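Source file my_file.cif; content: mmCIF, C-alpha atoms and all ligand atoms.
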data_upload
#
loop_
_atom_site.group_PDB
_atom_site.id
_atom_site.type_symbol
_atom_site.label_atom_id
_atom_site.label_comp_id
_atom_site.auth_asym_id
_atom_site.auth_seq_id
_atom_site.Cartn_x
_atom_site.Cartn_y
_atom_site.Cartn_z
ATOM 1 C CA MET C 45 2.338 -9.832 153.045
ATOM 2 C CA VAL C 46 1.423 -13.243 154.318
ATOM 3 C CA TRP C 47 -0.142 -16.205 152.534
ATOM 4 C CA ASP C 48 -2.582 -18.153 154.658
ATOM 5 C CA GLU C 49 -5.004 -21.026 154.167
ATOM 6 C CA SER C 50 -7.859 -18.669 153.319
ATOM 7 C CA LEU C 51 -5.973 -17.949 150.073
ATOM 8 C CA ALA C 52 -5.649 -21.615 149.120
ATOM 9 C CA VAL C 53 -7.205 -22.636 145.809
ATOM 10 C CA GLY C 54 -6.975 -26.330 146.682
ATOM 11 C CA ASN C 55 -4.370 -27.369 144.121
ATOM 12 C CA GLU C 56 -1.112 -28.308 145.799
ATOM 13 C CA ILE C 57 1.206 -27.103 143.034
ATOM 14 C CA ILE C 58 -0.561 -23.762 142.551
ATOM 15 C CA ASP C 59 -0.795 -23.117 146.283
ATOM 16 C CA ARG C 60 2.908 -23.833 146.745
ATOM 17 C CA GLN C 61 3.776 -21.455 143.927
ATOM 18 C CA HIS C 62 1.466 -18.773 145.322
ATOM 19 C CA GLN C 63 3.256 -19.041 148.662
ATOM 20 C CA GLN C 64 6.547 -18.592 146.865
ATOM 21 C CA LEU C 65 5.232 -15.472 145.097
ATOM 22 C CA PHE C 66 4.129 -14.058 148.446
ATOM 23 C CA ASP C 67 7.574 -14.833 149.883
ATOM 24 C CA ILE C 68 9.355 -12.946 147.108
ATOM 25 C CA ALA C 69 6.973 -9.980 147.450
ATOM 26 C CA THR C 70 7.649 -10.002 151.192
ATOM 27 C CA GLN C 71 11.380 -9.835 150.502
ATOM 28 C CA LEU C 72 10.686 -6.702 148.460
ATOM 29 C CA GLU C 73 8.606 -5.179 151.245
ATOM 30 C CA THR C 74 11.349 -5.866 153.772
ATOM 31 C CA LEU C 75 13.929 -4.216 151.532
ATOM 32 C CA PHE C 76 11.777 -1.115 151.306
ATOM 33 C CA GLU C 77 11.312 -0.954 155.043
ATOM 34 C CA ASN C 78 15.088 -0.743 155.381
ATOM 35 C CA TYR C 79 15.720 1.293 152.247
ATOM 36 C CA THR C 80 18.502 3.870 152.570
ATOM 37 C CA GLU C 81 18.881 4.904 148.894
ATOM 38 C CA THR C 82 22.310 3.360 148.585
ATOM 39 C CA ASP C 83 23.435 1.641 145.399
ATOM 40 C CA TYR C 84 23.512 -1.592 147.290
ATOM 41 C CA ASP C 85 19.831 -1.345 148.195
ATOM 42 C CA TYR C 86 18.933 -0.416 144.653
ATOM 43 C CA ASP C 87 20.836 -3.369 143.180
ATOM 44 C CA GLU C 88 19.227 -5.676 145.679
ATOM 45 C CA ILE C 89 15.749 -4.462 144.723
ATOM 46 C CA ILE C 90 16.462 -5.051 141.047
ATOM 47 C CA HIS C 91 17.803 -8.487 141.911
ATOM 48 C CA ILE C 92 14.570 -9.440 143.734
ATOM 49 C CA LEU C 93 12.472 -7.958 140.931
ATOM 50 C CA VAL C 94 14.206 -10.142 138.381
ATOM 51 C CA LYS C 95 13.579 -13.117 140.640
ATOM 52 C CA LEU C 96 9.910 -12.170 140.953
ATOM 53 C CA HIS C 97 9.610 -11.708 137.208
ATOM 54 C CA LEU C 98 11.087 -15.129 136.435
ATOM 55 C CA TYR C 99 9.084 -16.874 139.102
ATOM 56 C CA ALA C 100 5.844 -15.217 137.975
ATOM 57 C CA LEU C 101 6.468 -16.420 134.405
ATOM 58 C CA LYS C 102 7.043 -19.957 135.619
ATOM 59 C CA HIS C 103 3.968 -19.872 137.840
ATOM 60 C CA PHE C 104 1.675 -18.416 135.155
ATOM 61 C CA GLU C 105 2.787 -21.107 132.735
ATOM 62 C CA THR C 106 1.987 -23.850 135.255
ATOM 63 C CA GLU C 107 -1.333 -22.312 136.241
ATOM 64 C CA GLU C 108 -2.441 -21.703 132.657
ATOM 65 C CA GLU C 109 -1.606 -25.304 131.757
ATOM 66 C CA ILE C 110 -3.772 -26.557 134.590
ATOM 67 C CA LEU C 111 -6.600 -24.181 133.647
ATOM 68 C CA GLU C 112 -6.430 -25.380 130.074
ATOM 69 C CA ARG C 113 -6.605 -28.979 131.221
ATOM 70 C CA ILE C 114 -9.701 -28.387 133.339
ATOM 71 C CA LYS C 115 -11.212 -26.281 130.529
ATOM 72 C CA PHE C 116 -11.683 -23.213 132.709
ATOM 73 C CA PRO C 117 -13.985 -20.952 130.654
ATOM 74 C CA GLY C 118 -12.411 -17.734 131.956
ATOM 75 C CA LEU C 119 -8.936 -18.662 130.718
ATOM 76 C CA VAL C 120 -8.609 -15.954 128.056
ATOM 77 C CA ASN C 121 -9.263 -13.126 130.501
ATOM 78 C CA HIS C 122 -7.227 -14.846 133.170
ATOM 79 C CA LYS C 123 -4.229 -14.962 130.845
ATOM 80 C CA LYS C 124 -4.709 -11.264 130.137
ATOM 81 C CA ASP C 125 -4.445 -10.475 133.827
ATOM 82 C CA HIS C 126 -1.211 -12.486 134.039
ATOM 83 C CA GLN C 127 0.062 -10.637 130.983
ATOM 84 C CA ARG C 128 -0.723 -7.292 132.616
ATOM 85 C CA PHE C 129 1.587 -8.175 135.497
ATOM 86 C CA VAL C 130 4.384 -9.401 133.216
ATOM 87 C CA SER C 131 4.119 -6.313 130.970
ATOM 88 C CA PHE C 132 4.352 -4.051 133.985
ATOM 89 C CA LEU C 133 7.577 -5.702 135.124
ATOM 90 C CA ASP C 134 8.911 -5.740 131.533
ATOM 91 C CA ARG C 135 8.317 -2.009 131.230
ATOM 92 C CA PHE C 136 9.896 -1.338 134.565
ATOM 93 C CA LYS C 137 13.018 -3.284 133.701
ATOM 94 C CA ALA C 138 13.252 -1.623 130.279
ATOM 95 C CA GLU C 139 13.225 1.874 131.725
ATOM 96 C CA LYS C 140 16.532 2.784 133.236
ATOM 97 C CA ILE C 141 15.727 3.863 136.721
ATOM 98 C CA GLU C 142 18.119 6.046 138.646
ATOM 99 C CA ALA C 143 19.108 4.974 142.107
ATOM 100 C CA ASP C 144 17.371 7.925 143.745
ATOM 101 C CA GLN C 145 13.953 7.352 142.216
ATOM 102 C CA TYR C 146 12.525 6.138 145.434
ATOM 103 C CA GLN C 147 8.958 7.067 144.550
ATOM 104 C CA THR C 148 9.081 5.030 141.344
ATOM 105 C CA LEU C 149 10.263 2.020 143.267
ATOM 106 C CA LEU C 150 7.588 2.594 145.871
ATOM 107 C CA ASP C 151 4.894 2.716 143.169
ATOM 108 C CA LEU C 152 6.274 -0.480 141.753
ATOM 109 C CA LEU C 153 6.118 -2.207 145.111
ATOM 110 C CA ALA C 154 2.521 -1.035 145.617
ATOM 111 C CA PHE C 155 1.553 -2.429 142.219
ATOM 112 C CA VAL C 156 3.270 -5.767 142.814
ATOM 113 C CA VAL C 157 1.781 -6.264 146.274
ATOM 114 C CA ASN C 158 -1.733 -5.172 145.235
ATOM 115 C CA TRP C 159 -1.723 -7.218 142.074
ATOM 116 C CA ILE C 160 -0.551 -10.441 143.706
ATOM 117 C CA MET C 161 -2.997 -10.073 146.587
ATOM 118 C CA SER C 162 -6.050 -9.192 144.496
ATOM 119 C CA HIS C 163 -5.207 -11.718 141.782
ATOM 120 C CA VAL C 164 -4.770 -14.652 144.166
ATOM 121 C CA LYS C 165 -7.698 -13.628 146.353
ATOM 122 C CA GLY C 166 -10.123 -12.651 143.596
ATOM 123 C CA THR C 167 -9.190 -13.666 140.058
ATOM 124 C CA ASP C 168 -7.715 -17.048 140.963
ATOM 125 C CA SER C 169 -10.618 -17.985 143.223
ATOM 126 C CA ALA C 170 -12.858 -18.017 140.122
ATOM 127 C CA TYR C 171 -11.361 -21.306 138.949
ATOM 128 C CA ILE C 172 -11.687 -23.120 142.291
ATOM 129 C CA PRO C 173 -15.037 -24.794 141.374
ATOM 130 C CA TYR C 174 -13.469 -26.065 138.145
ATOM 131 C CA LEU C 175 -10.494 -27.563 140.002
ATOM 132 C CA SER C 176 -12.806 -29.609 142.174
ATOM 133 C CA THR C 177 -14.376 -31.192 139.082
ATOM 134 C CA GLU C 178 -10.899 -32.382 138.102
ATOM 135 C CA VAL C 179 -10.473 -34.175 141.431
ATOM 136 C CA GLN C 180 -13.736 -36.088 140.884
ATOM 137 C CA VAL C 181 -12.769 -37.284 137.393
HETATM 138 FE FE FE D 1 -3.678 -16.624 138.088
#
I'd like the structure from this file rewritten - as structure tokens, please.
Ligand SMILES: [Fe+2]
Amino acid sequence: MVWDESLAVGNEIIDRQHQQLFDIATQLETLFENYTETDYDYDEIIHILVKLHLYALKHFETEEEILERIKFPGLVNHKKDHQRFVSFLDRFKAEKIEADQYQTLLDLLAFVVNWIMSHVKGTDSAYIPYLSTEVQV
């Protein structure tokens, strides 16, 4: 999963953080491509998931602060979409997953990749016009 300029929202901080999110998701994808159902692979996946979780929290906080500042009218729903992602990862971490539950991990990866892509491409693009008003102020 690759971030490119077509996904840019035009705010340097947000775009840098989005690239970082894509990078972490790519690390997950790579792990799955080489997955052999060993404990090592499983631990590594959990490790990257924790990293993704923490980074997503940090990014959402930054983004929501910016959206508040520019008075983005869709902020309430936007926050809900962020929360949906965080809750999903919370639930996943809370459930004790056995090392052989490959399908569960695969479903998780699909969710993470789809959410990040559709959120950045669709949901986030809704605030782009509001960001440009900030630049003019
Ligand atoms: Fe967002």
Q: Give as a list of chain:residue names the residues that the PyMOL selection byres (((chain C and resi 114) around 7) and not hetatm) matches when applied to the coordinates above.
A: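 Applied to this file, the PyMOL selection byres (((chain C and resi 114) around 7) and not hetatm) returns C:Ile110, C:Leu111, C:Glu112, C:Arg113, C:Lys115, C:Phe116, C:Tyr174, C:Leu175, C:Glu178.
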Q. Quick one: residues within 8 Å of segment 61-73 of chain C, only C-alpha atoms counted, chain neighbours fewer than 4 positions away excluded, as number ranges by chain?
A. C: 45-47, 57, 77, 89, 92-93, 95-96, 99-100, 103, 153, 156-157, 160, 164
Around ligand FE 1 (chain D), which protein and nucleic acid residues have at least one atom no more than 12 Å from it, if we count all atoms listed in the file? List them as a PDB file with C-alpha atoms, in the coordinates of the input.
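pocket-v2.pdb was written with the following content:
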ATOM      1  CA  VAL C  53      -7.205 -22.636 145.809  1.00  0.00           C
ATOM      2  CA  ILE C  58      -0.561 -23.762 142.551  1.00  0.00           C
ATOM      3  CA  ASP C  59      -0.795 -23.117 146.283  1.00  0.00           C
ATOM      4  CA  GLN C  61       3.776 -21.455 143.927  1.00  0.00           C
ATOM      5  CA  HIS C  62       1.466 -18.773 145.322  1.00  0.00           C
ATOM      6  CA  LEU C  65       5.232 -15.472 145.097  1.00  0.00           C
ATOM      7  CA  ALA C 100       5.844 -15.217 137.975  1.00  0.00           C
ATOM      8  CA  LEU C 101       6.468 -16.420 134.405  1.00  0.00           C
ATOM      9  CA  LYS C 102       7.043 -19.957 135.619  1.00  0.00           C
ATOM     10  CA  HIS C 103       3.968 -19.872 137.840  1.00  0.00           C
ATOM     11  CA  PHE C 104       1.675 -18.416 135.155  1.00  0.00           C
ATOM     12  CA  GLU C 105       2.787 -21.107 132.735  1.00  0.00           C
ATOM     13  CA  THR C 106       1.987 -23.850 135.255  1.00  0.00           C
ATOM     14  CA  GLU C 107      -1.333 -22.312 136.241  1.00  0.00           C
ATOM     15  CA  GLU C 108      -2.441 -21.703 132.657  1.00  0.00           C
ATOM     16  CA  GLU C 109      -1.606 -25.304 131.757  1.00  0.00           C
ATOM     17  CA  ILE C 110      -3.772 -26.557 134.590  1.00  0.00           C
ATOM     18  CA  LEU C 111      -6.600 -24.181 133.647  1.00  0.00           C
ATOM     19  CA  PHE C 116     -11.683 -23.213 132.709  1.00  0.00           C
ATOM     20  CA  GLY C 118     -12.411 -17.734 131.956  1.00  0.00           C
ATOM     21  CA  LEU C 119      -8.936 -18.662 130.718  1.00  0.00           C
ATOM     22  CA  VAL C 120      -8.609 -15.954 128.056  1.00  0.00           C
ATOM     23  CA  ASN C 121      -9.263 -13.126 130.501  1.00  0.00           C
ATOM     24  CA  HIS C 122      -7.227 -14.846 133.170  1.00  0.00           C
ATOM     25  CA  LYS C 123      -4.229 -14.962 130.845  1.00  0.00           C
ATOM     26  CA  LYS C 124      -4.709 -11.264 130.137  1.00  0.00           C
ATOM     27  CA  ASP C 125      -4.445 -10.475 133.827  1.00  0.00           C
ATOM     28  CA  HIS C 126      -1.211 -12.486 134.039  1.00  0.00           C
ATOM     29  CA  GLN C 127       0.062 -10.637 130.983  1.00  0.00           C
ATOM     30  CA  ARG C 128      -0.723  -7.292 132.616  1.00  0.00           C
ATOM     31  CA  PHE C 129       1.587  -8.175 135.497  1.00  0.00           C
ATOM     32  CA  VAL C 130       4.384  -9.401 133.216  1.00  0.00           C
ATOM     33  CA  TRP C 159      -1.723  -7.218 142.074  1.00  0.00           C
ATOM     34  CA  ILE C 160      -0.551 -10.441 143.706  1.00  0.00           C
ATOM     35  CA  MET C 161      -2.997 -10.073 146.587  1.00  0.00           C
ATOM     36  CA  SER C 162      -6.050  -9.192 144.496  1.00  0.00           C
ATOM     37  CA  HIS C 163      -5.207 -11.718 141.782  1.00  0.00           C
ATOM     38  CA  VAL C 164      -4.770 -14.652 144.166  1.00  0.00           C
ATOM     39  CA  LYS C 165      -7.698 -13.628 146.353  1.00  0.00           C
ATOM     40  CA  GLY C 166     -10.123 -12.651 143.596  1.00  0.00           C
ATOM     41  CA  THR C 167      -9.190 -13.666 140.058  1.00  0.00           C
ATOM     42  CA  ASP C 168      -7.715 -17.048 140.963  1.00  0.00           C
ATOM     43  CA  SER C 169     -10.618 -17.985 143.223  1.00  0.00           C
ATOM     44  CA  ALA C 170     -12.858 -18.017 140.122  1.00  0.00           C
ATOM     45  CA  TYR C 171     -11.361 -21.306 138.949  1.00  0.00           C
ATOM     46  CA  ILE C 172     -11.687 -23.120 142.291  1.00  0.00           C
TER      47      ILE C 172
END
Q: Enter the distance from atom CA of Asp134 of chain C to atom CA of Thr82 of chain C, in Å, rounded to one decimal.
A: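 Spanning atom CA of Asp134 of chain C to atom CA of Thr82 of chain C is a straight-line distance of 23.5 Å.
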Q) To one decimal place, how far is atom CA of Ser131 of chain C from atom CA of Asn78 of chain C in Å? A) 27.3 Å
(Q) Using only C-alpha atoms for the distances, tell me which of C:Leu75, C:Phe155, C:Pro173, C:Ala52 is nearest to His91 of chain C. (A)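 Result for the nearest residue to His91 of chain C: C:Leu75.
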As AutoDock Vina command-line options, what would the box around segment 125-130 of chain C look like: edges along x, y and z, 5 Å added on every side, centre and edge lengths in Å to one decimal?
--center_x 0.0 --center_y -9.9 --center_z 133.2 --size_x 18.8 --size_y 15.2 --size_z 14.5
Q | d(atom CA of His97 of chain C, atom CA of Asp151 of chain C) in Å | A |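 Pair atom CA of His97 of chain C / atom CA of Asp151 of chain C returns 16.3 Å.
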